[in-house]
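A.B. asks: Right, I'll just put the structure down here and ask away after.
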Amino acid sequence: MIRPATVHDVPRIAAIINSHAELGRMLFKSYAQLYEDLRDFAVCQIEEQVAGCAALSVIWADLAEVRSLAVDGKFQGRGIGKQLVGWAIEEARRLQIRRIMSLTYEQPFFEKCGFAVVPKESLPLKVWSDCVRCPKKDGCDEIAMVRTLEDLPIIEAPNAPPTPRGVSIPVLDDIED
Ligand SMILES: CC(C)(COP(=O)(O)OP(=O)(O)OC[C@H]1O[C@@H](n2cnc3c(N)ncnc32)[C@H](O)[C@@H]1OP(=O)(O)O)[C@@H](O)C(=O)NCCC(=O)NCCS
């Protein structure tokens, strides 16, 4: 069962995410960050246990990001990750957001979920706000992937400020020069 997360889920969400973060697969999340972003989160509950989580974060009028997608090791390979991405897609559709993106090391998984690789520079600058907290900020090796909900109308909205070139913190420093 996929359902919106509540405060009761936060310790379990933190444990799942941070078990993968320890292996360098994703960013660590503190309780403070999880409480702040709780309304973005859904969990997959199997019987009494939370088996995985995902968040959908709104970036712009035409872009939302799947974040913090994580499935407990003992529940992997049972379709839970795909169901959580399905939830994120339906949430984007509910919000009428046409493109969903992910920064990931899991290219084959996201391809199975209908995402395609895009150049990082095609994403707006705002996407890189988490880079300051990332140990790999100077050498980002994540893959940018996007799925477009072609059936949703293209929205008339101001363009998000673009990513000038590359995504690392030194590049962000360059912008200030
Ligand atoms: C990536 C992750 C979310 C996948 O969750 P999961 O529940 O194990 O994946 P699913 O069982 O839903 O897999 C869906 C499909 O993707 C495929 N798949 C999953 N992981 C894959 C991998 N690493 N390589 C190739 N295919 C993969 C499955 O075989 C399945 O294919 P099918 O639809 O043809 O049967 C999970 O492995 C995870 O939590 N990884 C660590 C954290 C992480 O990397 N999160 C992503 C951050 S963006």
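To be explicit about the labels: the chains of the structure tokens are called A, B, and onward in the order shown, and within each one the residues are counted from 1, while ligands get numbers from 1 in the order they are shown.
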Write out as an MDAnalysis selection string which residues come within 10 Å of A:Ile13 when counting only C-alpha atoms, dropping same-chain ones fewer than 3 positions away.
C.D. replies: chainID A and resid 5 7:10 16:19 29 31 34 41:43 50:54 68:72
A.B. asks: Can you list every residue in stretch 5-140 of chain A that DSSP puts in strand (DSSP E), as a CSV table (one decimal) with N, CA and C atoms, in the first residue's frame?
C.D. replies:
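In the end it all went to result_4.csv:
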```csv
chain,number,residue,atom,x,y,z
A,41,PHE,N,6.4,13.5,0.9
A,41,PHE,CA,6.7,12.1,1.0
A,41,PHE,C,5.5,11.1,1.0
A,42,ALA,N,5.7,10.0,0.3
A,42,ALA,CA,4.8,8.8,0.5
A,42,ALA,C,5.7,7.6,0.9
A,43,VAL,N,5.0,6.7,1.5
A,43,VAL,CA,5.7,5.4,1.9
A,43,VAL,C,4.9,4.3,1.4
A,44,CYS,N,5.7,3.2,1.2
A,44,CYS,CA,5.0,1.9,0.9
A,44,CYS,C,5.0,1.1,2.1
A,45,GLN,N,3.8,0.7,2.6
A,45,GLN,CA,3.6,-0.1,3.8
A,45,GLN,C,3.2,-1.5,3.5
A,46,ILE,N,4.0,-2.5,4.0
A,46,ILE,CA,3.6,-3.9,3.8
A,46,ILE,C,3.3,-4.4,5.2
A,49,GLN,N,4.9,-2.8,8.3
A,49,GLN,CA,6.2,-2.2,8.2
A,49,GLN,C,6.3,-1.3,7.0
A,50,VAL,N,7.0,-0.2,7.1
A,50,VAL,CA,7.3,0.7,6.0
A,50,VAL,C,8.5,0.1,5.2
A,51,ALA,N,8.3,-0.3,4.0
A,51,ALA,CA,9.3,-1.0,3.2
A,51,ALA,C,10.1,0.0,2.3
A,52,GLY,N,9.5,1.2,2.0
A,52,GLY,CA,10.2,2.1,1.1
A,52,GLY,C,9.6,3.5,1.1
A,53,CYS,N,10.2,4.4,0.6
A,53,CYS,CA,9.7,5.8,0.6
A,53,CYS,C,10.2,6.5,-0.7
A,54,ALA,N,9.4,7.6,-1.0
A,54,ALA,CA,9.8,8.5,-2.1
A,54,ALA,C,9.2,9.8,-1.8
A,55,ALA,N,9.8,10.9,-2.4
A,55,ALA,CA,9.3,12.2,-2.3
A,55,ALA,C,9.2,12.8,-3.7
A,56,LEU,N,8.2,13.7,-3.8
A,56,LEU,CA,8.1,14.5,-5.1
A,56,LEU,C,8.2,15.9,-4.7
A,57,SER,N,9.2,16.6,-5.2
A,57,SER,CA,9.5,18.0,-4.8
A,57,SER,C,9.2,18.8,-6.1
A,58,VAL,N,8.4,19.9,-5.9
A,58,VAL,CA,8.1,20.7,-7.0
A,58,VAL,C,9.3,21.7,-7.3
A,59,ILE,N,9.8,21.7,-8.5
A,59,ILE,CA,10.9,22.6,-8.8
A,59,ILE,C,10.4,23.9,-9.5
A,60,TRP,N,9.5,23.7,-10.5
A,60,TRP,CA,9.0,24.8,-11.3
A,60,TRP,C,7.6,24.4,-11.9
A,63,LEU,N,8.2,21.3,-13.9
A,63,LEU,CA,9.2,20.3,-13.5
A,63,LEU,C,9.1,19.9,-12.0
A,64,ALA,N,9.1,18.6,-11.7
A,64,ALA,CA,9.1,18.1,-10.3
A,64,ALA,C,10.2,17.1,-10.3
A,65,GLU,N,10.7,16.9,-9.1
A,65,GLU,CA,11.8,15.9,-8.9
A,65,GLU,C,11.5,14.8,-8.0
A,66,VAL,N,11.7,13.6,-8.4
A,66,VAL,CA,11.6,12.4,-7.5
A,66,VAL,C,12.9,12.4,-6.6
A,67,ARG,N,12.7,12.5,-5.3
A,67,ARG,CA,13.8,12.5,-4.4
A,67,ARG,C,13.7,11.4,-3.4
A,68,SER,N,14.8,11.1,-2.7
A,68,SER,CA,14.8,10.2,-1.6
A,68,SER,C,14.0,8.9,-1.8
A,69,LEU,N,14.2,8.4,-3.1
A,69,LEU,CA,13.5,7.1,-3.4
A,69,LEU,C,14.4,6.0,-2.8
A,70,ALA,N,13.9,5.2,-1.9
A,70,ALA,CA,14.7,4.2,-1.2
A,70,ALA,C,13.8,3.0,-0.8
A,71,VAL,N,14.2,1.8,-1.1
A,71,VAL,CA,13.5,0.6,-0.7
A,71,VAL,C,14.5,-0.1,0.3
A,99,ARG,N,6.7,17.5,-16.5
A,99,ARG,CA,8.0,16.8,-16.5
A,99,ARG,C,8.4,16.3,-15.1
A,100,ILE,N,8.9,15.1,-15.0
A,100,ILE,CA,9.4,14.6,-13.7
A,100,ILE,C,10.9,14.2,-13.9
A,101,MET,N,11.7,14.6,-13.0
A,101,MET,CA,13.1,14.3,-13.2
A,101,MET,C,13.7,13.5,-12.0
A,102,SER,N,14.9,13.0,-12.3
A,102,SER,CA,15.6,12.3,-11.2
A,102,SER,C,17.1,12.5,-11.4
A,103,LEU,N,17.8,12.7,-10.4
A,103,LEU,CA,19.3,12.6,-10.4
A,103,LEU,C,19.7,11.3,-9.8
A,104,THR,N,20.3,10.4,-10.5
A,104,THR,CA,20.4,9.0,-10.0
A,104,THR,C,21.6,8.3,-10.5
A,116,ALA,N,14.1,9.0,-19.4
A,116,ALA,CA,15.2,9.0,-20.4
A,116,ALA,C,16.3,9.9,-19.9
A,117,VAL,N,17.6,9.6,-20.3
A,117,VAL,CA,18.7,10.4,-19.9
A,117,VAL,C,18.7,11.8,-20.6
```
A.B. asks: Run DSSP on the backbone and give me the residues of stretch 29-168 of chain A it puts in helix (DSSP H, G or I), as a PyMOL selection string.
C.D. replies: chain A and resi 31-36+38-40+73-75+80-94+107-112+120-122+125-133+137-139
A.B. asks: Could the residues in this selection be saved with N, CA and C atoms as a compact mmCIF listing (two decimals), in the first residue's frame?
C.D. replies:
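So part36.txt came out as:
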```
# COMPACT_ATOMS: atom_id res chain seq x y z
N TYR A 31 16.58 14.12 10.55
CA TYR A 31 15.18 14.21 10.97
C TYR A 31 14.63 15.61 10.62
N ALA A 32 15.45 16.64 10.84
CA ALA A 32 14.98 18.01 10.57
C ALA A 32 14.57 18.17 9.10
N GLN A 33 15.39 17.64 8.19
CA GLN A 33 15.05 17.74 6.76
C GLN A 33 13.79 16.94 6.45
N LEU A 34 13.66 15.77 7.07
CA LEU A 34 12.50 14.92 6.77
C LEU A 34 11.21 15.55 7.30
N TYR A 35 11.26 16.13 8.50
CA TYR A 35 10.05 16.78 9.01
C TYR A 35 9.67 17.96 8.11
N GLU A 36 10.69 18.72 7.69
CA GLU A 36 10.42 19.89 6.85
C GLU A 36 9.75 19.50 5.53
N LEU A 38 8.10 16.66 4.91
CA LEU A 38 7.22 15.50 5.11
C LEU A 38 6.04 15.46 4.15
N ARG A 39 5.51 16.66 3.80
CA ARG A 39 4.34 16.66 2.91
C ARG A 39 4.68 16.21 1.49
N ASP A 40 5.98 16.16 1.14
CA ASP A 40 6.38 15.66 -0.18
C ASP A 40 6.45 14.13 -0.22
N GLY A 73 16.56 -2.85 1.91
CA GLY A 73 17.26 -3.94 1.23
C GLY A 73 16.47 -5.24 1.17
N LYS A 74 15.79 -5.58 2.26
CA LYS A 74 15.12 -6.89 2.25
C LYS A 74 13.82 -6.90 1.46
N PHE A 75 13.40 -5.71 0.98
CA PHE A 75 12.18 -5.65 0.16
C PHE A 75 12.49 -5.33 -1.31
N ILE A 80 8.48 -2.55 -5.54
CA ILE A 80 8.11 -1.45 -4.66
C ILE A 80 8.66 -0.12 -5.17
N GLY A 81 9.93 -0.14 -5.65
CA GLY A 81 10.52 1.08 -6.22
C GLY A 81 9.67 1.60 -7.37
N LYS A 82 9.27 0.69 -8.23
CA LYS A 82 8.46 1.10 -9.40
C LYS A 82 7.10 1.65 -8.95
N GLN A 83 6.51 1.05 -7.95
CA GLN A 83 5.23 1.56 -7.42
C GLN A 83 5.39 2.96 -6.83
N LEU A 84 6.51 3.19 -6.14
CA LEU A 84 6.75 4.51 -5.54
C LEU A 84 6.96 5.56 -6.63
N VAL A 85 7.67 5.20 -7.70
CA VAL A 85 7.83 6.14 -8.82
C VAL A 85 6.46 6.37 -9.48
N GLY A 86 5.66 5.30 -9.56
CA GLY A 86 4.29 5.45 -10.10
C GLY A 86 3.48 6.44 -9.27
N TRP A 87 3.63 6.36 -7.95
CA TRP A 87 2.95 7.34 -7.08
C TRP A 87 3.41 8.77 -7.41
N ALA A 88 4.75 8.93 -7.58
CA ALA A 88 5.30 10.27 -7.86
C ALA A 88 4.76 10.80 -9.20
N ILE A 89 4.63 9.91 -10.17
CA ILE A 89 4.11 10.32 -11.48
C ILE A 89 2.65 10.76 -11.34
N GLU A 90 1.86 10.01 -10.59
CA GLU A 90 0.45 10.38 -10.41
C GLU A 90 0.31 11.67 -9.61
N GLU A 91 1.22 11.88 -8.66
CA GLU A 91 1.22 13.13 -7.89
C GLU A 91 1.55 14.32 -8.80
N ALA A 92 2.53 14.13 -9.70
CA ALA A 92 2.86 15.18 -10.67
C ALA A 92 1.66 15.46 -11.58
N ARG A 93 0.99 14.38 -11.99
CA ARG A 93 -0.18 14.55 -12.86
C ARG A 93 -1.29 15.33 -12.11
N ARG A 94 -1.48 14.97 -10.84
CA ARG A 94 -2.49 15.69 -10.05
C ARG A 94 -2.18 17.19 -9.99
N GLN A 107 20.23 4.17 -13.54
CA GLN A 107 19.68 4.42 -14.88
C GLN A 107 18.76 3.29 -15.38
N PRO A 108 19.17 2.01 -15.28
CA PRO A 108 18.28 0.96 -15.83
C PRO A 108 16.93 0.92 -15.12
N PHE A 109 16.93 1.15 -13.79
CA PHE A 109 15.67 1.16 -13.05
C PHE A 109 14.76 2.28 -13.56
N PHE A 110 15.33 3.49 -13.69
CA PHE A 110 14.49 4.61 -14.13
C PHE A 110 14.06 4.46 -15.59
N GLU A 111 14.89 3.83 -16.41
CA GLU A 111 14.44 3.54 -17.78
C GLU A 111 13.20 2.65 -17.76
N LYS A 112 13.21 1.67 -16.85
CA LYS A 112 12.03 0.80 -16.73
C LYS A 112 10.80 1.58 -16.29
N LYS A 120 22.64 17.29 -18.15
CA LYS A 120 22.40 17.98 -16.88
C LYS A 120 22.10 19.46 -17.12
N GLU A 121 22.78 20.02 -18.14
CA GLU A 121 22.61 21.46 -18.40
C GLU A 121 21.20 21.81 -18.87
N SER A 122 20.42 20.80 -19.24
CA SER A 122 19.05 21.10 -19.70
C SER A 122 18.12 21.34 -18.50
N LEU A 125 18.86 25.74 -12.87
CA LEU A 125 19.85 25.91 -11.80
C LEU A 125 19.31 25.47 -10.45
N LYS A 126 18.02 25.71 -10.20
CA LYS A 126 17.40 25.44 -8.90
C LYS A 126 17.53 23.97 -8.50
N VAL A 127 17.68 23.08 -9.48
CA VAL A 127 17.78 21.65 -9.22
C VAL A 127 18.98 21.32 -8.34
N TRP A 128 20.00 22.16 -8.39
CA TRP A 128 21.27 21.81 -7.74
C TRP A 128 21.38 22.35 -6.32
N SER A 129 20.26 22.73 -5.73
CA SER A 129 20.30 23.33 -4.39
C SER A 129 20.86 22.38 -3.34
N ASP A 130 20.70 21.07 -3.53
CA ASP A 130 21.19 20.09 -2.55
C ASP A 130 22.70 19.85 -2.66
N CYS A 131 23.33 20.39 -3.73
CA CYS A 131 24.74 20.06 -3.98
C CYS A 131 25.64 20.47 -2.83
N VAL A 132 25.26 21.55 -2.13
CA VAL A 132 26.09 22.01 -1.02
C VAL A 132 26.24 20.95 0.06
N ARG A 133 25.23 20.05 0.15
CA ARG A 133 25.28 19.01 1.18
C ARG A 133 25.88 17.70 0.67
N LYS A 137 30.19 17.05 -4.43
CA LYS A 137 29.78 18.28 -5.11
C LYS A 137 30.77 18.73 -6.18
N ASP A 138 32.05 18.44 -6.00
CA ASP A 138 33.04 18.88 -6.99
C ASP A 138 33.13 17.92 -8.18
N GLY A 139 32.52 16.77 -8.06
CA GLY A 139 32.63 15.80 -9.15
C GLY A 139 31.34 15.01 -9.27
```
A.B. asks: Which residues are near A:Asn159? Cut-off 10 Å, only C-alpha atoms, ignore same chain within fewer than 2 positions. Put them as number ranges by chain.
C.D. replies: A: 60-62, 124, 156-157, 161-162
A.B. asks: Just checking: using only C-alpha atoms, which residue out of A:Pro135, A:Glu106, A:Gly79, A:Met145 ends up closest to A:Glu22?
C.D. replies: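 Nearest candidate to A:Glu22 out of A:Pro135, A:Glu106, A:Gly79, A:Met145: A:Pro135.
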